[in-house]
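protein31.pdb follows (PDB, C-alpha atoms):
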ATOM      1  CA  MET A   7      23.962  -4.374  25.892  1.00  0.00           C
ATOM      2  CA  THR A   8      24.303  -5.830  22.381  1.00  0.00           C
ATOM      3  CA  THR A   9      22.072  -5.294  19.364  1.00  0.00           C
ATOM      4  CA  THR A  10      20.456  -8.685  19.894  1.00  0.00           C
ATOM      5  CA  ASP A  11      19.286  -7.580  23.346  1.00  0.00           C
ATOM      6  CA  PHE A  12      16.814  -5.221  21.692  1.00  0.00           C
ATOM      7  CA  ALA A  13      13.509  -6.118  20.098  1.00  0.00           C
ATOM      8  CA  LEU A  14      13.430  -5.215  16.413  1.00  0.00           C
ATOM      9  CA  THR A  15      10.567  -2.829  17.076  1.00  0.00           C
ATOM     10  CA  GLU A  16      12.798  -0.903  19.478  1.00  0.00           C
ATOM     11  CA  LEU A  17      15.428  -0.512  16.770  1.00  0.00           C
ATOM     12  CA  LEU A  18      12.856   0.712  14.290  1.00  0.00           C
ATOM     13  CA  THR A  19      11.925   3.626  16.521  1.00  0.00           C
ATOM     14  CA  LEU A  20      15.357   5.073  15.809  1.00  0.00           C
ATOM     15  CA  SER A  21      14.162   5.930  12.310  1.00  0.00           C
ATOM     16  CA  ASP A  22      13.100   9.393  11.256  1.00  0.00           C
ATOM     17  CA  SER A  23      10.227   7.871   9.286  1.00  0.00           C
ATOM     18  CA  GLY A  24       6.714   7.685  10.664  1.00  0.00           C
ATOM     19  CA  ARG A  25       5.937   4.677   8.449  1.00  0.00           C
ATOM     20  CA  TRP A  26       7.657   1.969  10.495  1.00  0.00           C
ATOM     21  CA  HIS A  27       4.323   0.954  12.014  1.00  0.00           C
ATOM     22  CA  ARG A  28       3.587  -0.665   8.623  1.00  0.00           C
ATOM     23  CA  ALA A  29       6.709  -2.866   8.692  1.00  0.00           C
ATOM     24  CA  ALA A  30       5.968  -6.579   8.177  1.00  0.00           C
ATOM     25  CA  CYS A  31       8.468  -7.470  10.910  1.00  0.00           C
ATOM     26  CA  ARG A  32       6.869  -5.229  13.532  1.00  0.00           C
ATOM     27  CA  GLY A  33       6.023  -7.296  16.586  1.00  0.00           C
ATOM     28  CA  ASP A  34       7.692 -10.437  15.264  1.00  0.00           C
ATOM     29  CA  PRO A  35       8.459 -12.642  18.287  1.00  0.00           C
ATOM     30  CA  ASN A  36      11.376 -14.451  16.602  1.00  0.00           C
ATOM     31  CA  HIS A  37      14.064 -11.854  17.428  1.00  0.00           C
ATOM     32  CA  GLU A  38      16.996 -14.183  16.819  1.00  0.00           C
ATOM     33  CA  ALA A  39      15.980 -14.618  13.172  1.00  0.00           C
ATOM     34  CA  TRP A  40      16.806 -10.980  12.499  1.00  0.00           C
ATOM     35  CA  PHE A  41      20.357 -11.303  13.846  1.00  0.00           C
ATOM     36  CA  PRO A  42      21.636 -14.632  12.458  1.00  0.00           C
ATOM     37  CA  TYR A  43      25.075 -16.074  13.062  1.00  0.00           C
ATOM     38  CA  PRO A  44      27.191 -16.303   9.899  1.00  0.00           C
ATOM     39  CA  SER A  45      26.584 -20.052   9.733  1.00  0.00           C
ATOM     40  CA  GLN A  46      22.782 -19.650   9.945  1.00  0.00           C
ATOM     41  CA  ASP A  47      20.487 -18.961   7.040  1.00  0.00           C
ATOM     42  CA  PHE A  48      18.075 -16.080   7.236  1.00  0.00           C
ATOM     43  CA  ASP A  49      15.277 -17.461   5.074  1.00  0.00           C
ATOM     44  CA  TYR A  50      12.659 -16.779   7.756  1.00  0.00           C
ATOM     45  CA  ALA A  51      13.523 -13.069   7.850  1.00  0.00           C
ATOM     46  CA  ARG A  52      13.760 -12.858   4.049  1.00  0.00           C
ATOM     47  CA  ARG A  53      10.266 -14.316   3.715  1.00  0.00           C
ATOM     48  CA  ILE A  54       8.855 -11.704   6.092  1.00  0.00           C
ATOM     49  CA  CYS A  55      10.721  -8.935   4.264  1.00  0.00           C
ATOM     50  CA  ALA A  56       9.527 -10.080   0.832  1.00  0.00           C
ATOM     51  CA  ASP A  57       5.954  -8.959   1.540  1.00  0.00           C
ATOM     52  CA  CYS A  58       6.857  -5.741   3.350  1.00  0.00           C
ATOM     53  CA  PRO A  59       5.771  -2.401   1.873  1.00  0.00           C
ATOM     54  CA  LEU A  60       8.924  -0.821   3.350  1.00  0.00           C
ATOM     55  CA  LEU A  61      11.424  -3.257   1.826  1.00  0.00           C
ATOM     56  CA  ALA A  62      13.595  -0.739  -0.062  1.00  0.00           C
ATOM     57  CA  GLY A  63      13.431   1.966   2.590  1.00  0.00           C
ATOM     58  CA  CYS A  64      14.377  -0.480   5.305  1.00  0.00           C
ATOM     59  CA  GLY A  65      17.574  -1.493   3.531  1.00  0.00           C
ATOM     60  CA  GLU A  66      18.439   2.130   2.809  1.00  0.00           C
ATOM     61  CA  TYR A  67      17.932   2.966   6.484  1.00  0.00           C
ATOM     62  CA  ALA A  68      20.229   0.116   7.549  1.00  0.00           C
ATOM     63  CA  GLY A  69      22.988   1.284   5.248  1.00  0.00           C
ATOM     64  CA  ARG A  70      22.610   4.950   6.141  1.00  0.00           C
ATOM     65  CA  THR A  71      22.592   4.401   9.903  1.00  0.00           C
ATOM     66  CA  GLY A  72      25.131   1.561  10.184  1.00  0.00           C
ATOM     67  CA  GLN A  73      22.757  -1.181  11.324  1.00  0.00           C
ATOM     68  CA  SER A  74      23.561  -4.870  11.664  1.00  0.00           C
ATOM     69  CA  GLY A  75      21.163  -7.766  11.179  1.00  0.00           C
ATOM     70  CA  VAL A  76      18.543  -8.438   8.519  1.00  0.00           C
ATOM     71  CA  TRP A  77      17.036  -5.289   7.034  1.00  0.00           C
ATOM     72  CA  GLY A  78      15.100  -5.128   3.782  1.00  0.00           C
ATOM     73  CA  GLY A  79      15.731  -8.788   3.016  1.00  0.00           C
ATOM     74  CA  ARG A  80      19.517  -8.479   3.232  1.00  0.00           C
ATOM     75  CA  GLU A  81      21.961  -9.041   6.041  1.00  0.00           C
ATOM     76  CA  TYR A  82      24.015  -6.040   7.123  1.00  0.00           C
ATOM     77  CA  ASP A  83      27.082  -5.625   9.281  1.00  0.00           C
ATOM     78  CA  ARG A  84      27.513  -2.047  10.457  1.00  0.00           C
ATOM     79  CA  GLY A  85      25.650  -0.695   7.444  1.00  0.00           C
ATOM     80  CA  ARG A  86      27.372  -2.852   4.830  1.00  0.00           C
ATOM     81  CA  VAL A  87      25.516  -5.634   2.987  1.00  0.00           C
ATOM     82  CA  ILE A  88      27.202  -8.935   3.750  1.00  0.00           C
ATOM     83  CA  ARG A  89      24.585 -11.380   2.423  1.00  0.00           C
ATOM     84  CA  GLU A  90      21.776 -11.052  -0.101  1.00  0.00           C
TER
END
Encoding of this model in structure tokens:
Amino acid sequence: MTTTDFALTELLTLSDSGRWHRAACRGDPNHEAWFPYPSQDFDYARRICADCPLLAGCGEYAGRTGQSGVWGGREYDRGRVIRE
């Protein structure tokens, strides 16, 4: 199973923080937007992230735990920021 087979809300439960229920992306039905191909933009995900109260913590979590996809308004590949 690949990362894109999971709903974003399932990935968020891996966090040690009890605040993920406040994430702006929680329950978002557009799962593909959070795991764009390199040739795709991720403006949709960035817009959702921009209003999120967990923006900074989300990006820190992605880096610390080696996540891929859009986290905290940035795109990560195995915990490394690849696009702002």
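All residues of protein, DNA or RNA that reach within 10 Å of Asp57 (chain A), judged by all atoms listed in the file and not counting those fewer than 5 positions away in the chain, are Ala29, Ala30, Cys31, Arg52 and Gly79 of chain A.
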Explicit residues for the PyMOL selection byres ((chain A and resi 76) around 10) (as a ChimeraX atom specification): /A:14,39-42,48,51-52,55,64-65,68,73-75,77-83,87-90
Target residues per the PyMOL selection byres ((chain A and resi 28) around 12), formatted as a PyMOL selection string: chain A and resi 15+18+23-27+29-33+55+57-61+63-64
Selection from above, C-alpha atoms, as a JSON list (two decimals), in the frame of the given file, can you write it?
[["chain", "number", "residue", "atom", "x", "y", "z"],
["A", 15, "THR", "CA", 10.57, -2.83, 17.08],
["A", 18, "LEU", "CA", 12.86, 0.71, 14.29],
["A", 23, "SER", "CA", 10.23, 7.87, 9.29],
["A", 24, "GLY", "CA", 6.71, 7.68, 10.66],
["A", 25, "ARG", "CA", 5.94, 4.68, 8.45],
["A", 26, "TRP", "CA", 7.66, 1.97, 10.50],
["A", 27, "HIS", "CA", 4.32, 0.95, 12.01],
["A", 29, "ALA", "CA", 6.71, -2.87, 8.69],
["A", 30, "ALA", "CA", 5.97, -6.58, 8.18],
["A", 31, "CYS", "CA", 8.47, -7.47, 10.91],
["A", 32, "ARG", "CA", 6.87, -5.23, 13.53],
["A", 33, "GLY", "CA", 6.02, -7.30, 16.59],
["A", 55, "CYS", "CA", 10.72, -8.94, 4.26],
["A", 57, "ASP", "CA", 5.95, -8.96, 1.54],
["A", 58, "CYS", "CA", 6.86, -5.74, 3.35],
["A", 59, "PRO", "CA", 5.77, -2.40, 1.87],
["A", 60, "LEU", "CA", 8.92, -0.82, 3.35],
["A", 61, "LEU", "CA", 11.42, -3.26, 1.83],
["A", 63, "GLY", "CA", 13.43, 1.97, 2.59],
["A", 64, "CYS", "CA", 14.38, -0.48, 5.30]]
For CA of Arg53 (chain A) and CA of Asn36 (chain A), the interatomic separation in Å (one decimal): 12.9 Å
Generate all heavy atoms for region 53-64 of chain A and emit them as a PDB file, in the frame of the given file.
ATOM      1  N   ARG A  53      11.679 -14.103   4.071  1.00  0.00           N
ATOM      2  CA  ARG A  53      10.266 -14.316   3.715  1.00  0.00           C
ATOM      3  C   ARG A  53       9.378 -13.211   4.270  1.00  0.00           C
ATOM      4  O   ARG A  53       8.474 -12.730   3.588  1.00  0.00           O
ATOM      5  CB  ARG A  53       9.781 -15.673   4.214  1.00  0.00           C
ATOM      6  CG  ARG A  53      10.200 -16.831   3.352  1.00  0.00           C
ATOM      7  CD  ARG A  53       9.439 -18.109   3.667  1.00  0.00           C
ATOM      8  NE  ARG A  53       9.473 -18.471   5.076  1.00  0.00           N
ATOM      9  CZ  ARG A  53      10.441 -19.178   5.663  1.00  0.00           C
ATOM     10  NH1 ARG A  53      11.471 -19.596   4.951  1.00  0.00           N
ATOM     11  NH2 ARG A  53      10.385 -19.482   6.937  1.00  0.00           N
ATOM     12  N   ILE A  54       9.627 -12.799   5.495  1.00  0.00           N
ATOM     13  CA  ILE A  54       8.855 -11.704   6.092  1.00  0.00           C
ATOM     14  C   ILE A  54       9.112 -10.419   5.301  1.00  0.00           C
ATOM     15  O   ILE A  54       8.182  -9.686   4.956  1.00  0.00           O
ATOM     16  CB  ILE A  54       9.235 -11.496   7.576  1.00  0.00           C
ATOM     17  CG1 ILE A  54       8.997 -12.751   8.404  1.00  0.00           C
ATOM     18  CG2 ILE A  54       8.518 -10.285   8.157  1.00  0.00           C
ATOM     19  CD1 ILE A  54       7.576 -13.159   8.588  1.00  0.00           C
ATOM     20  N   CYS A  55      10.354 -10.147   4.998  1.00  0.00           N
ATOM     21  CA  CYS A  55      10.721  -8.935   4.264  1.00  0.00           C
ATOM     22  C   CYS A  55      10.113  -8.898   2.860  1.00  0.00           C
ATOM     23  O   CYS A  55       9.756  -7.820   2.369  1.00  0.00           O
ATOM     24  CB  CYS A  55      12.240  -8.827   4.133  1.00  0.00           C
ATOM     25  SG  CYS A  55      13.111  -8.499   5.673  1.00  0.00           S
ATOM     26  N   ALA A  56       9.994 -10.025   2.220  1.00  0.00           N
ATOM     27  CA  ALA A  56       9.527 -10.080   0.832  1.00  0.00           C
ATOM     28  C   ALA A  56       8.157  -9.437   0.642  1.00  0.00           C
ATOM     29  O   ALA A  56       7.886  -8.851  -0.407  1.00  0.00           O
ATOM     30  CB  ALA A  56       9.497 -11.522   0.347  1.00  0.00           C
ATOM     31  N   ASP A  57       7.302  -9.520   1.642  1.00  0.00           N
ATOM     32  CA  ASP A  57       5.954  -8.959   1.540  1.00  0.00           C
ATOM     33  C   ASP A  57       5.811  -7.592   2.201  1.00  0.00           C
ATOM     34  O   ASP A  57       4.712  -7.084   2.347  1.00  0.00           O
ATOM     35  CB  ASP A  57       4.942  -9.921   2.173  1.00  0.00           C
ATOM     36  CG  ASP A  57       4.849 -11.233   1.407  1.00  0.00           C
ATOM     37  OD1 ASP A  57       4.985 -11.202   0.162  1.00  0.00           O
ATOM     38  OD2 ASP A  57       4.653 -12.278   2.045  1.00  0.00           O
ATOM     39  N   CYS A  58       6.909  -6.995   2.598  1.00  0.00           N
ATOM     40  CA  CYS A  58       6.857  -5.741   3.350  1.00  0.00           C
ATOM     41  C   CYS A  58       6.777  -4.535   2.411  1.00  0.00           C
ATOM     42  O   CYS A  58       7.558  -4.422   1.460  1.00  0.00           O
ATOM     43  CB  CYS A  58       8.094  -5.617   4.245  1.00  0.00           C
ATOM     44  SG  CYS A  58       8.028  -4.164   5.296  1.00  0.00           S
ATOM     45  N   PRO A  59       5.865  -3.607   2.700  1.00  0.00           N
ATOM     46  CA  PRO A  59       5.771  -2.401   1.873  1.00  0.00           C
ATOM     47  C   PRO A  59       6.956  -1.447   2.070  1.00  0.00           C
ATOM     48  O   PRO A  59       7.129  -0.517   1.300  1.00  0.00           O
ATOM     49  CB  PRO A  59       4.470  -1.751   2.340  1.00  0.00           C
ATOM     50  CG  PRO A  59       4.288  -2.218   3.742  1.00  0.00           C
ATOM     51  CD  PRO A  59       4.860  -3.624   3.767  1.00  0.00           C
ATOM     52  N   LEU A  60       7.784  -1.692   3.060  1.00  0.00           N
ATOM     53  CA  LEU A  60       8.924  -0.821   3.350  1.00  0.00           C
ATOM     54  C   LEU A  60      10.261  -1.438   2.967  1.00  0.00           C
ATOM     55  O   LEU A  60      11.313  -0.971   3.399  1.00  0.00           O
ATOM     56  CB  LEU A  60       8.948  -0.477   4.847  1.00  0.00           C
ATOM     57  CG  LEU A  60       7.669   0.139   5.401  1.00  0.00           C
ATOM     58  CD1 LEU A  60       7.810   0.386   6.885  1.00  0.00           C
ATOM     59  CD2 LEU A  60       7.317   1.414   4.663  1.00  0.00           C
ATOM     60  N   LEU A  61      10.234  -2.483   2.161  1.00  0.00           N
ATOM     61  CA  LEU A  61      11.424  -3.257   1.826  1.00  0.00           C
ATOM     62  C   LEU A  61      12.614  -2.379   1.427  1.00  0.00           C
ATOM     63  O   LEU A  61      13.675  -2.447   2.041  1.00  0.00           O
ATOM     64  CB  LEU A  61      11.104  -4.250   0.711  1.00  0.00           C
ATOM     65  CG  LEU A  61      12.233  -5.161   0.262  1.00  0.00           C
ATOM     66  CD1 LEU A  61      12.566  -6.161   1.358  1.00  0.00           C
ATOM     67  CD2 LEU A  61      11.843  -5.878  -1.009  1.00  0.00           C
ATOM     68  N   ALA A  62      12.474  -1.556   0.420  1.00  0.00           N
ATOM     69  CA  ALA A  62      13.595  -0.739  -0.062  1.00  0.00           C
ATOM     70  C   ALA A  62      14.036   0.281   0.982  1.00  0.00           C
ATOM     71  O   ALA A  62      15.232   0.440   1.234  1.00  0.00           O
ATOM     72  CB  ALA A  62      13.220  -0.039  -1.364  1.00  0.00           C
ATOM     73  N   GLY A  63      13.099   0.958   1.593  1.00  0.00           N
ATOM     74  CA  GLY A  63      13.431   1.966   2.590  1.00  0.00           C
ATOM     75  C   GLY A  63      14.128   1.388   3.798  1.00  0.00           C
ATOM     76  O   GLY A  63      15.005   2.025   4.396  1.00  0.00           O
ATOM     77  N   CYS A  64      13.775   0.188   4.161  1.00  0.00           N
ATOM     78  CA  CYS A  64      14.377  -0.480   5.305  1.00  0.00           C
ATOM     79  C   CYS A  64      15.859  -0.736   5.046  1.00  0.00           C
ATOM     80  O   CYS A  64      16.707  -0.450   5.893  1.00  0.00           O
ATOM     81  CB  CYS A  64      13.635  -1.786   5.573  1.00  0.00           C
ATOM     82  SG  CYS A  64      14.180  -2.674   7.029  1.00  0.00           S
TER      83      CYS A  64
END
